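Visitor: Below is the structure I would like to discuss, written out as structure tokens.
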Amino acid sequence: MVSGIVPVITLTTDFGVRDWFVGTMKGVIAGINPEATVIDLTHEIPAGDIPSGAFALRASYAFFPKGTIHVAVVDPGVGSLRNAIAVQTKSYFFVGPDNGVLSWALAREKIKTCCSLTNTAYSLESVSRTFHGRDIFAPVAAHLSQGVPIRKLGPPLKSMFRLDWPEPRHGPGRFAGEIVYIDRFGNAITNLDEVAIRASGPGVLEVLVRGKKLCALNEFYQSVANGKPVAVLGSTGFVEIAINGGDAAQRFRLKRGDSVMVRATRVRR
Amino acid sequence: MVSGIVPVITLTTDFGVRDWFVGTMKGVIAGINPEATVIDLTHEIPAGDIPSGAFALRASYAFFPKGTIHVAVVDPGVGSLRNAIAVQTKSYFFVGPDNGVLSWALAREKIKTCCSLTNTAYSLESVSRTFHGRDIFAPVAAHLSQGVPIRKLGPPLKSMFRLDWPEPRHGPGRFAGEIVYIDRFGNAITNLDEVAIRASGPGVLEVLVRGKKLCALNEFYQSVANGKPVAVLGSTGFVEIAINGGDAAQRFRLKRGDSVMVRATRVRR
Amino acid sequence: MVSGIVPVITLTTDFGVRDWFVGTMKGVIAGINPEATVIDLTHEIPAGDIPSGAFALRASYAFFPKGTIHVAVVDPGVGSLRNAIAVQTKSYFFVGPDNGVLSWALAREKIKTCCSLTNTAYSLESVSRTFHGRDIFAPVAAHLSQGVPIRKLGPPLKSMFRLDWPEPRHGPGRFAGEIVYIDRFGNAITNLDEVAIRASGPGVLEVLVRGKKLCALNEFYQSVANGKPVAVLGSTGFVEIAINGGDAAQRFRLKRGDSVMVRATRVRR
């Protein structure tokens, strides 16, 4: 345990909450370190959707106290040859499969160590082929929360699998990016951040989706009338497209990868 | 912290559990007061549905230990001019937007203080326009759980926004009210309570919905055969309309606001 | 409290997370024993589906530390004559209605005591007719977690209601069983375990559903191409039928009770 501090372990998975999967992970953790505080980030990542898991972790990990152990298990390759890893950065630990699910959070962190989780002393005695969340990742996180040094978990790795982050493209007075996540309200979160907005020029900024103008950038959802589309700088730090009181993704059939552009409006005569 | 007691913070929101919103609120709380126990009331209030949030809180807040801090964030006006408030009553704290979501619980409590949450010392350093749950309400609740006096959070408010509670109407030997909440089983909870039932007269009580007789009031769901409608005095203290083993709201297309009457049956010849 | 150990209470219910039901159970527990760690197994058991609840508990209870108190409330008969019980085994406590929901876990445990929960001193003062999870089972679990001896809860019972477990049938070189649970990924979990597999003979094992060959038994999901069916020895210790990257239950319309056979393939010429 890190010097008297209550250790926090977060869980991000695609296990859903319909079955007992998440509960058993917590049971395993409680059996190893009953003092750990386990916090669910989400278990509703669409099954096998690694980019959504990576984005959820990136959007939230930094709001946790120093020393938090972030476990992310979106793991369609469970049981196959992919590595299981633990990563220590300046402020956090990250635990999960080496398939990119950790990589968008790690891209913003200074990595100190990355280990392959091969030391069976820190897994359950019997490891299934299909549920490493319970059998490897949960016990590893619990041991880390007790202060086990990361290097004991297995040999260091030189490189990790990294998911490409879609970088926005800069044009004259405009920024072009794409939708990277649809949230439960139907808000479409893009990869365009404050920098992109500032660089788009002065004046009213309009937002185009798939080449067609959809709405203007505004301050908050209720800046427009109920039922009207609006873009705001959302809580993740990215531009998101919403409908005040409605579901933008459903209404405009928005999906991940759709092109989005922010540009200053031309003055019309 | 209130004299050695483990402080409890409850969360009632419309954030859902599909994204990271609730998890980050808990991360913020853990960073301020790692000793707090955070309990989810529900995060599945329909998006922006303030009365459902208000009813969920009213139905449950009193089952928590004294000193519990109840946070309710159903907040379609986030970022606009509505106030953010904290309220201290004889036994609890309540934290949320001043849009009525706290008001049905507060109607049953003796209010001591109500403050506007304007002191930025108790919010996150950077407050977004769209996620005050994370940036204001979570840190305020965490600080309250550490014993920060409520008056430090901001200036006192003289009045709050209150949602109308639909009072049942008394007729000769009958009580008329309405459906106020549909639960996950499809049970329709009304605003008719034990008092209404006792006042409805002796003998078998029948329950009418939208003017048509639906079922009789009985002791428990299995008082009737499987698949049959039944009304019971539910766990919230209100009459609820159910189907034994089925979904009454779906079968009878019940919805909030539908009129409900309880009356003693006339003796038939 | 069991000798300085942080007591764990698990909850398995069909209450869903849309309403406040689970939250109020946790509030009641926190009011009695604020030190207890409450872990959700699942609240998404289909309404009234006792076998699914029994299977979820059986699949997970043993991953929790000794002394854990497992509460399972799938209770369509709430308020009627069914007993409420608490059971102490060598390693755990189990609390719930006596309708079979505890029985598949208990079948694997050595039972020491079983009591009927009739001592009102360990329930809430006012017990509703429809929500014994909050009014009886939660407070009983909290009192057990504080070290209250189980015999104080009520008189011992000689027998419990037990749900039939569908035993697989052994034929020459093959094992016949059935689907017992469909998980959130659409994987169909059967009652055929490692023993059945070993007894099915050497060589490639094929899996038949409703008499038709569906796939072969393999090591993990990605042993087959994306979109292809595969059977694996799953994390519950039972054979499960899956589609790599897909939903087997949906594609093949699998449902609980469907017959499944594992047998060694004949060599074809």
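By order of appearance in the structure tokens: chains A, B, ..., then residues from 1 within every chain, and ligands from 1 in the order shown.
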Within 6 Å of chain B, which residues of chain C show up when using only C-alpha atoms, listed as a PyMOL selection string?
Guide: chain C and resi 18-20+23-24+27-28+31+79+128-131
Visitor: Could you find all residues in region 131-268 of chain A that DSSP calls alpha helix (DSSP H) from the backbone, and write them as a list in words?
Guide: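 For region 131-268 of chain A, the alpha helix (DSSP H) set is His132, Ala138, Pro139, Val140, Ala141, Ala142, His143, Leu144, Ser145, Glu194, Val195, Ala196, Ile197, Arg198, Ala199, Ala248, Ala249, Gln250 and Arg251 of chain A.
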Visitor: Could you check which of B:Leu81, B:Ile111, B:Val204, B:Ala225 is closest to Lys158 (chain B), using only C-alpha atoms?
Guide: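 Of all the options, B:Ile111 lies closest to Lys158 (chain B).
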Visitor: Residues within 8 Å of Ala176 (chain B), please, as a PyMOL selection string. Count only C-alpha atoms; anything in the same chain fewer than 5 positions from it doesn't count.
Guide: chain B and resi 168-171+192+259-262
Visitor: Interatomic distance between CA of Gly67 (chain A) and CA of Ala84 (chain A)?
Guide: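 Atom-to-atom, CA of Gly67 (chain A) and CA of Ala84 (chain A) are spaced 20.1 Å apart.
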Visitor: Taking 3 positions as the minimum chain separation for residues in the same chain, which residues sit within 7 Å of Gly48 (chain C) when counting only C-alpha atoms? Answer as a PDB file with all heavy atoms, in the first residue's frame.
Guide:
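File produced: around.pdb:
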ATOM      1  N   ASP C  14     -32.612  -9.337  -9.149  1.00  0.00           N
ATOM      2  CA  ASP C  14     -33.256  -8.990 -10.421  1.00  0.00           C
ATOM      3  C   ASP C  14     -33.851  -7.586 -10.340  1.00  0.00           C
ATOM      4  O   ASP C  14     -34.782  -7.264 -11.079  1.00  0.00           O
ATOM      5  CB  ASP C  14     -34.336 -10.013 -10.780  1.00  0.00           C
ATOM      6  CG  ASP C  14     -35.472 -10.062  -9.765  1.00  0.00           C
ATOM      7  OD1 ASP C  14     -35.376  -9.410  -8.706  1.00  0.00           O
ATOM      8  OD2 ASP C  14     -36.468 -10.758 -10.033  1.00  0.00           O
ATOM      9  N   VAL C  74     -33.812 -12.999  -5.847  1.00  0.00           N
ATOM     10  CA  VAL C  74     -34.689 -13.144  -7.009  1.00  0.00           C
ATOM     11  C   VAL C  74     -35.917 -13.791  -6.396  1.00  0.00           C
ATOM     12  O   VAL C  74     -35.878 -14.949  -6.010  1.00  0.00           O
ATOM     13  CB  VAL C  74     -34.068 -14.030  -8.097  1.00  0.00           C
ATOM     14  CG1 VAL C  74     -35.003 -14.144  -9.297  1.00  0.00           C
ATOM     15  CG2 VAL C  74     -32.705 -13.481  -8.507  1.00  0.00           C
ATOM     16  N   ASP C  75     -36.983 -13.021  -6.244  1.00  0.00           N
ATOM     17  CA  ASP C  75     -37.961 -13.340  -5.211  1.00  0.00           C
ATOM     18  C   ASP C  75     -39.389 -13.049  -5.665  1.00  0.00           C
ATOM     19  O   ASP C  75     -40.084 -12.231  -5.082  1.00  0.00           O
ATOM     20  CB  ASP C  75     -37.601 -12.498  -3.969  1.00  0.00           C
ATOM     21  CG  ASP C  75     -38.311 -12.974  -2.709  1.00  0.00           C
ATOM     22  OD1 ASP C  75     -38.911 -14.066  -2.743  1.00  0.00           O
ATOM     23  OD2 ASP C  75     -38.260 -12.243  -1.706  1.00  0.00           O
ATOM     24  N   PRO C  76     -39.835 -13.746  -6.721  1.00  0.00           N
ATOM     25  CA  PRO C  76     -41.185 -13.441  -7.208  1.00  0.00           C
ATOM     26  C   PRO C  76     -42.263 -13.691  -6.161  1.00  0.00           C
ATOM     27  O   PRO C  76     -43.337 -13.104  -6.247  1.00  0.00           O
ATOM     28  CB  PRO C  76     -41.345 -14.368  -8.423  1.00  0.00           C
ATOM     29  CG  PRO C  76     -40.296 -15.419  -8.286  1.00  0.00           C
ATOM     30  CD  PRO C  76     -39.174 -14.789  -7.518  1.00  0.00           C
TER      31      PRO C  76
END
Visitor: Using only C-alpha atoms, which protein or nucleic acid residues come within 10 Å of region 138-154 of chain A? Drop anything in the same chain fewer than 5 positions from it, and give the result as a VMD selection string.
Guide: chain A and resid 1 to 3 5 to 11 22 24 to 38 67 to 71 73 84 to 88 93 to 96 113 to 124 132 to 133
Visitor: Just list the residues in region 55-247 of chain C DSSP gives strand (DSSP E or B) on the backbone, as a ChimeraX atom specification.
Guide: /C:69-73,84-89,93-97,111-116,156,169-171,174-182,188-193,205-209,212-218,229-233,238-243,246
Visitor: I'd like the contact shell of Arg256 (chain A) - 8 Å cut-off, only C-alpha atoms, skipping same-chain residues fewer than 2 positions apart - returned as a list in words.
Guide: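 My reading of the contact set: Glu178, Ile179, Val180, Tyr181, Ile182, Leu254 and Asp258 of chain A.
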Visitor: I'd like the interatomic distance between CA of Ile241 (chain A) and CA of Leu205 (chain A), to a tenth of an Å.
Guide: 12.9 Å
